[in-house]
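Coordinates from model-v3.pdb are shown below (PDB, C-alpha atoms).
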```pdb
ATOM      1  CA  MET Z  28       3.265 -23.955  70.113
ATOM      2  CA  VAL Z  29       4.083 -27.017  68.065
ATOM      3  CA  ALA Z  30       4.436 -26.230  64.415
ATOM      4  CA  SER Z  31       1.636 -27.712  62.341
ATOM      5  CA  THR Z  32       2.497 -30.394  59.866
ATOM      6  CA  SER Z  33       1.301 -28.183  57.033
ATOM      7  CA  THR Z  34       4.039 -25.652  57.734
ATOM      8  CA  LEU Z  35       6.909 -28.105  58.083
ATOM      9  CA  THR Z  36       9.237 -28.197  55.097
ATOM     10  CA  VAL Z  37      11.205 -31.320  55.859
ATOM     11  CA  PRO Z  38      12.276 -34.061  53.453
ATOM     12  CA  THR Z  39      10.332 -37.298  53.423
ATOM     13  CA  LEU Z  40      11.365 -40.766  52.327
ATOM     14  CA  ARG Z  41      10.220 -39.863  48.801
ATOM     15  CA  THR Z  42      12.254 -36.644  48.665
ATOM     16  CA  PRO Z  43      15.908 -37.070  47.639
ATOM     17  CA  VAL Z  44      18.271 -35.682  50.248
ATOM     18  CA  ARG Z  45      21.640 -34.331  49.249
ATOM     19  CA  PRO Z  46      24.634 -36.095  50.851
ATOM     20  CA  LEU Z  47      25.826 -32.957  52.656
ATOM     21  CA  ARG Z  48      22.380 -32.281  54.049
ATOM     22  CA  ARG Z  49      22.011 -35.934  55.086
ATOM     23  CA  ALA Z  50      25.345 -35.687  56.910
ATOM     24  CA  LYS Z  51      24.109 -32.527  58.633
ATOM     25  CA  TYR Z  52      20.964 -34.308  59.819
ATOM     26  CA  LEU Z  53      23.003 -37.263  61.108
ATOM     27  CA  LEU Z  54      25.316 -34.865  62.957
ATOM     28  CA  HIS Z  55      22.268 -33.222  64.535
ATOM     29  CA  LEU Z  56      21.027 -36.683  65.502
ATOM     30  CA  SER Z  57      24.394 -37.294  67.191
ATOM     31  CA  ARG Z  58      23.864 -34.301  69.539
ATOM     32  CA  PRO Z  59      27.392 -32.811  69.449
ATOM     33  CA  GLY Z  60      26.314 -30.305  72.079
ATOM     34  CA  GLN Z  61      26.290 -33.190  74.576
ATOM     35  CA  TRP Z  62      29.802 -34.417  73.776
ATOM     36  CA  PRO Z  63      31.643 -32.099  76.210
ATOM     37  CA  LYS Z  64      30.338 -34.112  79.158
ATOM     38  CA  ASN Z  65      32.358 -37.118  77.932
ATOM     39  CA  LEU Z  66      35.477 -34.946  77.781
ATOM     40  CA  LEU Z  67      34.898 -33.572  81.271
ATOM     41  CA  VAL Z  68      33.865 -36.709  83.129
ATOM     42  CA  VAL Z  69      36.280 -39.196  81.572
ATOM     43  CA  SER Z  70      39.123 -36.747  82.271
ATOM     44  CA  VAL Z  71      38.290 -36.303  85.971
ATOM     45  CA  PRO Z  72      40.653 -39.143  87.068
ATOM     46  CA  LEU Z  73      43.551 -36.912  85.998
ATOM     47  CA  LEU Z  74      43.096 -35.358  89.436
ATOM     48  CA  ASP Z  75      44.177 -38.646  91.030
ATOM     49  CA  LEU Z  76      47.001 -39.420  88.623
ATOM     50  CA  ARG Z  77      50.327 -39.358  90.436
ATOM     51  CA  VAL Z  78      52.463 -39.351  87.279
ATOM     52  CA  TRP Z  79      51.518 -37.590  84.011
ATOM     53  CA  ALA Z  80      53.245 -39.681  81.353
ATOM     54  CA  PRO Z  81      53.116 -39.021  77.566
ATOM     55  CA  ASP Z  82      50.853 -42.020  76.918
ATOM     56  CA  VAL Z  83      48.178 -40.479  79.151
ATOM     57  CA  VAL Z  84      46.941 -38.314  76.268
ATOM     58  CA  TRP Z  85      46.446 -41.312  73.979
ATOM     59  CA  LYS Z  86      44.683 -43.341  76.661
ATOM     60  CA  LEU Z  87      42.361 -40.486  77.556
ATOM     61  CA  ALA Z  88      41.639 -39.772  73.885
ATOM     62  CA  TRP Z  89      40.687 -43.422  73.381
ATOM     63  CA  GLY Z  90      38.392 -43.385  76.414
ATOM     64  CA  ILE Z  91      36.702 -40.132  75.420
ATOM     65  CA  ALA Z  92      36.270 -41.171  71.776
ATOM     66  CA  THR Z  93      34.837 -44.601  72.547
ATOM     67  CA  PHE Z  94      32.427 -43.275  75.152
ATOM     68  CA  THR Z  95      31.322 -40.538  72.750
ATOM     69  CA  ILE Z  96      30.572 -43.133  70.065
ATOM     70  CA  ALA Z  97      28.630 -45.202  72.601
ATOM     71  CA  ALA Z  98      26.697 -42.116  73.709
ATOM     72  CA  VAL Z  99      25.748 -41.292  70.105
ATOM     73  CA  ILE Z 100      24.426 -44.834  69.661
ATOM     74  CA  VAL Z 101      22.309 -44.306  72.783
ATOM     75  CA  TYR Z 102      20.986 -40.966  71.483
ATOM     76  CA  VAL Z 103      19.927 -42.607  68.229
ATOM     77  CA  LEU Z 104      18.205 -45.499  70.012
ATOM     78  CA  ASN Z 105      16.435 -43.112  72.367
ATOM     79  CA  ASP Z 106      15.217 -40.904  69.508
ATOM     80  CA  LEU Z 107      13.997 -43.973  67.635
ATOM     81  CA  ALA Z 108      12.023 -45.139  70.667
ATOM     82  CA  ASP Z 109      10.579 -41.653  71.332
ATOM     83  CA  ARG Z 110       9.974 -40.488  67.766
ATOM     84  CA  GLU Z 111       6.166 -40.462  68.049
ATOM     85  CA  ARG Z 112       6.154 -38.704  71.422
ATOM     86  CA  ASP Z 113       8.815 -36.231  70.275
ATOM     87  CA  ALA Z 114       6.774 -35.373  67.180
ATOM     88  CA  GLY Z 115       4.140 -33.770  69.423
ATOM     89  CA  HIS Z 116       6.554 -32.145  71.844
ATOM     90  CA  PRO Z 117       6.732 -28.312  71.736
ATOM     91  CA  LYS Z 118      10.554 -28.333  71.763
ATOM     92  CA  LYS Z 119      11.571 -31.759  70.460
ATOM     93  CA  TRP Z 120       9.391 -31.994  67.348
ATOM     94  CA  HIS Z 121      12.285 -30.755  65.174
ATOM     95  CA  ARG Z 122      14.601 -33.652  66.083
ATOM     96  CA  PRO Z 123      15.792 -35.402  62.905
ATOM     97  CA  ILE Z 124      13.809 -38.628  63.346
ATOM     98  CA  ALA Z 125      10.672 -37.065  64.831
ATOM     99  CA  SER Z 126      10.531 -34.456  62.035
ATOM    100  CA  GLY Z 127      11.122 -36.961  59.240
ATOM    101  CA  ARG Z 128      14.491 -35.598  58.188
ATOM    102  CA  VAL Z 129      16.086 -38.955  59.082
ATOM    103  CA  SER Z 130      14.069 -42.107  58.505
ATOM    104  CA  PRO Z 131      13.983 -44.854  61.169
ATOM    105  CA  ARG Z 132      15.750 -47.160  58.712
ATOM    106  CA  ALA Z 133      18.564 -44.668  58.087
ATOM    107  CA  ALA Z 134      18.927 -44.059  61.847
ATOM    108  CA  THR Z 135      19.152 -47.798  62.468
ATOM    109  CA  VAL Z 136      21.842 -48.207  59.805
ATOM    110  CA  PHE Z 137      23.716 -45.277  61.345
ATOM    111  CA  ALA Z 138      23.577 -46.848  64.810
ATOM    112  CA  VAL Z 139      24.722 -50.253  63.537
ATOM    113  CA  THR Z 140      27.630 -48.609  61.690
ATOM    114  CA  LEU Z 141      28.695 -46.793  64.829
ATOM    115  CA  LEU Z 142      28.464 -50.041  66.792
ATOM    116  CA  ALA Z 143      30.819 -51.685  64.278
ATOM    117  CA  VAL Z 144      33.254 -48.766  64.679
ATOM    118  CA  LEU Z 145      33.019 -49.106  68.457
ATOM    119  CA  LEU Z 146      33.793 -52.823  68.343
ATOM    120  CA  GLY Z 147      36.774 -52.039  66.144
ATOM    121  CA  ALA Z 148      37.988 -49.508  68.712
ATOM    122  CA  PHE Z 149      37.631 -52.134  71.442
ATOM    123  CA  SER Z 150      40.074 -54.363  69.550
ATOM    124  CA  LEU Z 151      42.791 -51.696  69.803
ATOM    125  CA  GLN Z 152      43.010 -51.818  73.599
ATOM    126  CA  PRO Z 153      42.592 -54.388  76.400
ATOM    127  CA  TRP Z 154      39.012 -55.585  76.768
ATOM    128  CA  SER Z 155      39.248 -54.797  80.482
ATOM    129  CA  TRP Z 156      39.051 -51.125  79.510
ATOM    130  CA  SER Z 157      35.756 -51.591  77.712
ATOM    131  CA  TRP Z 158      33.378 -53.086  80.265
ATOM    132  CA  PRO Z 159      32.006 -49.708  81.531
ATOM    133  CA  ILE Z 160      31.024 -48.871  77.932
ATOM    134  CA  VAL Z 161      29.328 -52.253  77.479
ATOM    135  CA  VAL Z 162      27.424 -51.798  80.747
ATOM    136  CA  TYR Z 163      26.507 -48.256  79.666
ATOM    137  CA  LEU Z 164      25.047 -49.550  76.390
ATOM    138  CA  LEU Z 165      23.081 -52.335  78.105
ATOM    139  CA  LEU Z 166      21.820 -49.913  80.753
ATOM    140  CA  ASN Z 167      20.570 -47.524  78.106
ATOM    141  CA  VAL Z 168      18.938 -50.236  76.039
ATOM    142  CA  GLY Z 169      16.816 -50.942  79.111
ATOM    143  CA  TYR Z 170      16.343 -47.201  79.624
ATOM    144  CA  SER Z 171      15.072 -46.678  76.079
ATOM    145  CA  ALA Z 172      12.931 -49.817  76.272
ATOM    146  CA  GLY Z 173      10.852 -48.429  79.133
ATOM    147  CA  LEU Z 174      12.823 -48.034  82.365
ATOM    148  CA  LYS Z 175      13.002 -44.288  81.753
ATOM    149  CA  HIS Z 176       9.279 -44.137  82.480
ATOM    150  CA  THR Z 177       9.824 -45.232  86.104
ATOM    151  CA  PRO Z 178      10.017 -42.226  88.465
ATOM    152  CA  LEU Z 179      13.269 -41.872  90.440
ATOM    153  CA  LEU Z 180      14.811 -44.864  88.648
ATOM    154  CA  ASP Z 181      15.055 -42.683  85.536
ATOM    155  CA  VAL Z 182      17.353 -40.086  87.149
ATOM    156  CA  PHE Z 183      19.455 -42.744  88.876
ATOM    157  CA  MET Z 184      20.063 -44.436  85.528
ATOM    158  CA  VAL Z 185      21.128 -41.135  83.991
ATOM    159  CA  ALA Z 186      23.557 -40.498  86.867
ATOM    160  CA  ALA Z 187      24.848 -44.072  86.581
ATOM    161  CA  GLY Z 188      25.864 -43.308  82.998
ATOM    162  CA  PHE Z 189      28.149 -40.543  84.258
ATOM    163  CA  GLY Z 190      29.521 -42.835  86.940
ATOM    164  CA  LEU Z 191      30.455 -45.330  84.229
ATOM    165  CA  ARG Z 192      32.217 -42.573  82.295
ATOM    166  CA  LEU Z 193      34.259 -41.826  85.401
ATOM    167  CA  LEU Z 194      35.120 -45.508  85.856
ATOM    168  CA  GLU Z 195      36.263 -45.617  82.229
ATOM    169  CA  GLY Z 196      38.704 -42.805  82.922
ATOM    170  CA  TYR Z 197      40.142 -44.625  85.920
ATOM    171  CA  LEU Z 198      40.501 -47.857  83.951
ATOM    172  CA  VAL Z 199      42.300 -46.378  80.951
ATOM    173  CA  LEU Z 200      44.681 -44.463  83.240
ATOM    174  CA  ASP Z 201      45.217 -47.509  85.470
ATOM    175  CA  THR Z 202      44.533 -45.394  88.550
ATOM    176  CA  PRO Z 203      42.902 -46.602  91.811
ATOM    177  CA  ILE Z 204      39.280 -45.502  91.942
ATOM    178  CA  SER Z 205      38.478 -42.716  94.386
ATOM    179  CA  GLY Z 206      35.246 -43.561  96.183
ATOM    180  CA  TRP Z 207      34.538 -40.017  97.352
ATOM    181  CA  LEU Z 208      35.207 -38.515  93.929
ATOM    182  CA  PHE Z 209      32.888 -41.096  92.356
ATOM    183  CA  THR Z 210      30.197 -40.162  94.895
ATOM    184  CA  THR Z 211      30.740 -36.475  94.109
ATOM    185  CA  VAL Z 212      30.226 -37.009  90.380
ATOM    186  CA  PHE Z 213      27.251 -39.309  90.863
ATOM    187  CA  THR Z 214      25.368 -36.986  93.225
ATOM    188  CA  ALA Z 215      26.199 -33.898  91.143
ATOM    189  CA  CYS Z 216      24.739 -35.659  88.099
ATOM    190  CA  LEU Z 217      21.642 -36.562  90.126
ATOM    191  CA  LEU Z 218      21.302 -32.841  90.828
ATOM    192  CA  LEU Z 219      21.441 -32.007  87.112
ATOM    193  CA  ALA Z 220      19.025 -34.800  86.154
ATOM    194  CA  VAL Z 221      16.467 -33.785  88.783
ATOM    195  CA  GLY Z 222      16.862 -30.131  87.765
ATOM    196  CA  LYS Z 223      16.017 -31.140  84.216
ATOM    197  CA  ARG Z 224      12.886 -32.940  85.448
ATOM    198  CA  ARG Z 225      11.836 -29.844  87.394
ATOM    199  CA  GLN Z 226      12.052 -27.636  84.344
ATOM    200  CA  GLU Z 227      10.122 -30.144  82.250
ATOM    201  CA  LEU Z 228       7.378 -30.104  84.864
ATOM    202  CA  VAL Z 229       7.276 -26.311  84.791
ATOM    203  CA  SER Z 230       7.350 -25.972  81.014
ATOM    204  CA  THR Z 231       5.106 -28.864  79.925
ATOM    205  CA  GLY Z 232       3.275 -29.937  83.060
ATOM    206  CA  GLY Z 233       4.649 -33.455  82.639
ATOM    207  CA  ALA Z 234       2.632 -34.116  79.490
ATOM    208  CA  TYR Z 235       5.471 -35.564  77.391
ATOM    209  CA  ARG Z 236       7.497 -37.660  79.865
ATOM    210  CA  PRO Z 237       5.544 -40.430  81.652
ATOM    211  CA  ALA Z 238       8.073 -40.575  84.513
ATOM    212  CA  LEU Z 239       7.078 -37.056  85.550
ATOM    213  CA  ARG Z 240       3.853 -38.435  87.027
ATOM    214  CA  GLY Z 241       5.991 -39.431  90.019
ATOM    215  CA  TYR Z 242       7.411 -35.949  90.553
ATOM    216  CA  SER Z 243       6.199 -32.553  91.693
ATOM    217  CA  VAL Z 244       8.024 -29.234  91.656
ATOM    218  CA  PRO Z 245       8.419 -29.198  95.480
ATOM    219  CA  LEU Z 246       9.747 -32.777  95.437
ATOM    220  CA  THR Z 247      12.298 -32.023  92.726
ATOM    221  CA  GLU Z 248      13.513 -28.972  94.635
ATOM    222  CA  GLN Z 249      13.975 -31.053  97.797
ATOM    223  CA  LEU Z 250      15.838 -33.722  95.825
ATOM    224  CA  MET Z 251      18.036 -31.092  94.196
ATOM    225  CA  MET Z 252      19.050 -29.641  97.552
ATOM    226  CA  LEU Z 253      19.736 -33.105  98.988
ATOM    227  CA  SER Z 254      21.863 -34.052  95.967
ATOM    228  CA  GLY Z 255      23.733 -30.751  96.181
ATOM    229  CA  VAL Z 256      24.553 -31.253  99.863
ATOM    230  CA  LEU Z 257      25.797 -34.799  99.232
ATOM    231  CA  ALA Z 258      27.939 -33.623  96.306
ATOM    232  CA  ALA Z 259      29.511 -30.839  98.376
ATOM    233  CA  VAL Z 260      30.247 -33.066 101.386
ATOM    234  CA  SER Z 261      31.652 -35.839  99.197
ATOM    235  CA  TYR Z 262      33.973 -33.405  97.423
ATOM    236  CA  LEU Z 263      35.221 -32.024 100.722
ATOM    237  CA  LEU Z 264      35.914 -35.547 101.997
ATOM    238  CA  TYR Z 265      37.725 -36.337  98.750
ATOM    239  CA  LEU Z 266      39.994 -33.324  99.151
ATOM    240  CA  ARG Z 267      40.788 -34.147 102.773
ATOM    241  CA  SER Z 268      41.244 -37.920 102.511
ATOM    242  CA  GLU Z 269      41.834 -39.196  98.960
ATOM    243  CA  ALA Z 270      43.142 -36.399  96.751
ATOM    244  CA  PRO Z 271      46.910 -36.681  96.045
ATOM    245  CA  LEU Z 272      47.665 -33.368  97.751
ATOM    246  CA  GLY Z 273      49.690 -34.468 100.753
ATOM    247  CA  ALA Z 274      50.255 -31.664 103.248
ATOM    248  CA  LEU Z 275      48.371 -29.228 100.996
ATOM    249  CA  ALA Z 276      45.045 -31.043 101.478
ATOM    250  CA  PRO Z 277      43.727 -28.701 104.225
ATOM    251  CA  ALA Z 278      44.583 -25.593 102.194
ATOM    252  CA  ALA Z 279      43.034 -27.103  99.055
ATOM    253  CA  ALA Z 280      39.849 -27.941 100.939
ATOM    254  CA  ALA Z 281      39.619 -24.399 102.299
ATOM    255  CA  ILE Z 282      40.070 -22.816  98.851
ATOM    256  CA  LEU Z 283      38.483 -25.259  96.391
ATOM    257  CA  ALA Z 284      35.375 -26.312  98.330
ATOM    258  CA  PRO Z 285      33.879 -22.778  98.297
ATOM    259  CA  LEU Z 286      34.348 -22.668  94.532
ATOM    260  CA  MET Z 287      32.313 -25.844  94.182
ATOM    261  CA  LEU Z 288      29.673 -24.456  96.530
ATOM    262  CA  PHE Z 289      29.394 -21.349  94.367
ATOM    263  CA  THR Z 290      28.782 -23.523  91.295
ATOM    264  CA  LEU Z 291      26.068 -25.455  93.138
ATOM    265  CA  PHE Z 292      24.425 -22.271  94.412
ATOM    266  CA  ARG Z 293      24.574 -20.668  90.986
ATOM    267  CA  TYR Z 294      23.029 -23.709  89.322
ATOM    268  CA  LEU Z 295      20.201 -23.788  91.867
ATOM    269  CA  GLN Z 296      19.638 -20.087  91.212
ATOM    270  CA  LEU Z 297      19.516 -20.641  87.457
ATOM    271  CA  VAL Z 298      16.959 -23.429  87.822
ATOM    272  CA  MET Z 299      14.720 -22.137  90.612
ATOM    273  CA  VAL Z 300      14.862 -18.398  89.905
ATOM    274  CA  ARG Z 301      15.600 -18.045  86.200
ATOM    275  CA  GLY Z 302      13.789 -21.132  84.956
ATOM    276  CA  LYS Z 303      16.780 -22.739  83.229
ATOM    277  CA  GLY Z 304      18.167 -26.261  83.457
ATOM    278  CA  GLU Z 305      16.079 -28.170  80.910
ATOM    279  CA  ASN Z 306      19.352 -28.676  79.013
ATOM    280  CA  PRO Z 307      21.935 -29.002  81.823
ATOM    281  CA  VAL Z 308      24.998 -29.028  79.552
ATOM    282  CA  ARG Z 309      23.905 -25.855  77.795
ATOM    283  CA  THR Z 310      23.006 -24.217  81.106
ATOM    284  CA  LEU Z 311      26.441 -24.895  82.579
ATOM    285  CA  LEU Z 312      28.503 -24.012  79.516
ATOM    286  CA  ARG Z 313      26.633 -20.826  78.639
ATOM    287  CA  ASP Z 314      26.528 -19.252  82.083
ATOM    288  CA  ARG Z 315      29.450 -16.843  82.400
ATOM    289  CA  ALA Z 316      29.636 -17.034  86.195
ATOM    290  CA  ILE Z 317      29.846 -20.838  86.188
ATOM    291  CA  VAL Z 318      32.404 -20.927  83.361
ATOM    292  CA  VAL Z 319      34.676 -18.345  85.018
ATOM    293  CA  ASN Z 320      34.368 -20.096  88.375
ATOM    294  CA  ALA Z 321      35.206 -23.436  86.735
ATOM    295  CA  LEU Z 322      38.307 -21.957  85.084
ATOM    296  CA  VAL Z 323      39.493 -20.554  88.404
ATOM    297  CA  TRP Z 324      38.845 -23.922  90.055
ATOM    298  CA  ALA Z 325      40.782 -25.745  87.308
ATOM    299  CA  ALA Z 326      43.732 -23.342  87.548
ATOM    300  CA  LEU Z 327      43.946 -23.589  91.341
ATOM    301  CA  SER Z 328      43.537 -27.381  91.299
ATOM    302  CA  THR Z 329      46.372 -27.634  88.792
ATOM    303  CA  CYS Z 330      48.565 -25.431  90.958
ATOM    304  CA  PHE Z 331      47.949 -27.573  94.023
ATOM    305  CA  LEU Z 332      48.714 -30.774  92.088
ATOM    306  CA  VAL Z 333      51.896 -29.363  90.517
ATOM    307  CA  VAL Z 334      53.201 -28.007  93.827
ATOM    308  CA  THR Z 335      52.505 -31.349  95.513
ATOM    309  CA  ARG Z 336      54.393 -33.248  92.798
ATOM    310  CA  MET Z 337      57.337 -30.849  92.966
ATOM    311  CA  SER Z 338      57.588 -31.372  96.696
ATOM    312  CA  TYR Z 339      58.184 -35.098  96.082
ATOM    313  CA  LEU Z 340      61.043 -34.521  93.639
TER
END
```
Produce structure tokens that represent the structure in this file.
Amino acid sequence: MVASTSTLTVPTLRTPVRPLRRAKYLLHLSRPGQWPKNLLVVSVPLLDLRVWAPDVVWKLAWGIATFTIAAVIVYVLNDLADRERDAGHPKKWHRPIASGRVSPRAATVFAVTLLAVLLGAFSLQPWSWSWPIVVYLLLNVGYSAGLKHTPLLDVFMVAAGFGLRLLEGYLVLDTPISGWLFTTVFTACLLLAVGKRRQELVSTGGAYRPALRGYSVPLTEQLMMLSGVLAAVSYLLYLRSEAPLGALAPAAAAILAPLMLFTLFRYLQLVMVRGKGENPVRTLLRDRAIVVNALVWAALSTCFLVVTRMSYL
């Protein structure tokens, strides 16, 4: 149940807020639990990098940091737009803006400050590196303004944000874009976004997200399976045709593809059987089977890449 307003003990605009507590509320508004997806997705182009030079770390750090700042700006804008709806939501009512801990004015100042920092970061590197972030911000302005209420378009816009993160990684590393890897990431993110919609339908009946009027539980399950199949096929095609694995490509496909399939199967099990998935990042990072499988996949992928590079020396 939603906590009644009489039981909430949150600061109002008339209640002085200590600087440390204000910083804590702003950090909560920034959703640090969502930051790992920037680290993971922007770093994916490392798989296609033929040469790992020392400046790679700096370039990747710049890409991850700038996209994280942009994502925080988007979170603030989205919470500002949804503050009234979130205030009545059984799980989102405690968000800093919806609960009154952060005023709309303070959130706006915070977002503008972050935008100034982002523009300053843009000046440190070629502007050609920055266009995916600019498109991401414009896309999410439209999303927050109302496009998120359009069924199907809402999940495609979410997945597009991850595609732009991937493009950012390719740009900063000056690496040719892999079409099949891009398709893998995009369709996998569609799977996660649709899984989130399914759980919202189950838990709230679609009462707090207008776009859910265009979904049903059976439809979301069909879309999840379709997205999962496309992600698996795209990854297999990437390993066989575009991954820099040379003669090891067939062996890599035989070993790594099943690991990805296990992750997909496990995620579907978590959503459809155990009722998880409303927070995809938390679901993936807190499931021991998925984390262990991902570590094994990362270790084996690294081995294949290192062996391939050594064979060219």
What residues have an atom no more than 8 Å from (31.7, -45.2, 81.2) in the file's own frame, counting all atoms listed in the file, and can you write them as a PDB file with C-alpha atoms, in the coordinates of the input?
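Saved result, selection_13.pdb, follows:
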```pdb
ATOM      1  CA  VAL Z  69      36.280 -39.196  81.572  1.00  0.00           C
ATOM      2  CA  PHE Z  94      32.427 -43.275  75.152  1.00  0.00           C
ATOM      3  CA  PRO Z 159      32.006 -49.708  81.531  1.00  0.00           C
ATOM      4  CA  ILE Z 160      31.024 -48.871  77.932  1.00  0.00           C
ATOM      5  CA  VAL Z 162      27.424 -51.798  80.747  1.00  0.00           C
ATOM      6  CA  TYR Z 163      26.507 -48.256  79.666  1.00  0.00           C
ATOM      7  CA  GLY Z 188      25.864 -43.308  82.998  1.00  0.00           C
ATOM      8  CA  PHE Z 189      28.149 -40.543  84.258  1.00  0.00           C
ATOM      9  CA  GLY Z 190      29.521 -42.835  86.940  1.00  0.00           C
ATOM     10  CA  LEU Z 191      30.455 -45.330  84.229  1.00  0.00           C
ATOM     11  CA  ARG Z 192      32.217 -42.573  82.295  1.00  0.00           C
ATOM     12  CA  LEU Z 193      34.259 -41.826  85.401  1.00  0.00           C
ATOM     13  CA  LEU Z 194      35.120 -45.508  85.856  1.00  0.00           C
ATOM     14  CA  GLU Z 195      36.263 -45.617  82.229  1.00  0.00           C
ATOM     15  CA  GLY Z 196      38.704 -42.805  82.922  1.00  0.00           C
TER      16      GLY Z 196
END
```
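Counting only C-alpha atoms, Gly232 (chain Z) has the following residues at most 10 Å away, ignoring those fewer than 6 positions along the same chain: Arg225, Gln226, Leu239, Arg240, Ser243 and Val244 of chain Z.
Between CA of Ala238 (chain Z) and CA of Gly222 (chain Z) the interatomic distance comes to 14.0 Å.
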### Task
Using the chain letters and residue numbers of this document, give as a PyMOL selection string the residues selected by the PyMOL selection byres ((chain Z and resi 318) around 12).
chain Z and resi 286-287+289-290+293-294+308-317+319-325
I'd like a table as JSON lines: residues in region 206-234 of chain Z with an atom no more than 12 Å from region 115-128 of chain Z, each row giving the shortest atom pair and its distance in Å to one decimal, all atoms listed in the file counted, sorted by chain and rising residue number.
```
{"residue": "Z:Glu227", "atom": "CA", "partner": "Z:Lys118", "partner_atom": "CA", "distance": 10.7}
{"residue": "Z:Ser230", "atom": "CA", "partner": "Z:Pro117", "partner_atom": "CA", "distance": 9.6}
{"residue": "Z:Thr231", "atom": "CA", "partner": "Z:Pro117", "partner_atom": "CA", "distance": 8.4}
{"residue": "Z:Gly232", "atom": "CA", "partner": "Z:His116", "partner_atom": "CA", "distance": 11.9}
{"residue": "Z:Gly233", "atom": "CA", "partner": "Z:His116", "partner_atom": "CA", "distance": 11.0}
{"residue": "Z:Ala234", "atom": "CA", "partner": "Z:His116", "partner_atom": "CA", "distance": 8.8}
```
I need the chosen residues saved as an mmCIF file, keeping the file's coordinate frame, with C-alpha atoms.
```
data_model
loop_
_atom_site.group_PDB
_atom_site.id
_atom_site.type_symbol
_atom_site.label_atom_id
_atom_site.label_comp_id
_atom_site.auth_asym_id
_atom_site.auth_seq_id
_atom_site.Cartn_x
_atom_site.Cartn_y
_atom_site.Cartn_z
ATOM 1 C CA GLU Z 227 10.122 -30.144 82.250
ATOM 2 C CA SER Z 230 7.350 -25.972 81.014
ATOM 3 C CA THR Z 231 5.106 -28.864 79.925
ATOM 4 C CA GLY Z 232 3.275 -29.937 83.060
ATOM 5 C CA GLY Z 233 4.649 -33.455 82.639
ATOM 6 C CA ALA Z 234 2.632 -34.116 79.490
#
```
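Across the model, the gap from CA of Glu248 (chain Z) to CA of Phe213 (chain Z) is 17.6 Å.
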### Counting all atoms listed in the file, the option among Z:Lys86, Z:Arg336, Z:Arg58, Z:Arg110 closest to Ala274 (chain Z)
Z:Arg336
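Between CA of Gly273 (chain Z) and CA of Leu66 (chain Z) there is a distance of 27.0 Å.
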Would you kindly return, as a PDB file with C-alpha atoms, in the coordinates of the input, each protein, DNA or RNA residue with an atom no farther than 9 Å from any atom of Val144 (chain Z), considering all atoms listed in the file and excluding same-chain residues fewer than 5 positions away?
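Generated output (selection.pdb):
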```pdb
ATOM      1  CA  ILE Z  96      30.572 -43.133  70.065  1.00  0.00           C
ATOM      2  CA  VAL Z 139      24.722 -50.253  63.537  1.00  0.00           C
ATOM      3  CA  PHE Z 149      37.631 -52.134  71.442  1.00  0.00           C
TER       4      PHE Z 149
END
```
### Task
Run through the PyMOL selection byres ((chain Z and resi 171-182) around 9) on the given coordinates and return the selected residues as a VMD selection string.
chain Z and resid 101 104 to 109 166 to 170 183 to 187 216 to 217 220 to 221 224 236 to 242
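With all atoms listed in the file as the atoms that count, the residue of Z:Val129, Z:Val71, Z:Leu87, Z:Val256 with the shortest distance to Ser57 (chain Z) is Z:Val129.
With distances taken from (28.3, -45.4, 61.5) and restricted to only C-alpha atoms, the residues inside 12 Å are Ala50, Leu53, Leu54, Ser57, Ile96, Ala97, Val99, Ile100, Val103, Ala133, Ala134, Thr135, Val136, Phe137, Ala138, Val139, Thr140, Leu141, Leu142, Ala143, Val144, Leu145, Leu146 and Gly147 of chain Z.
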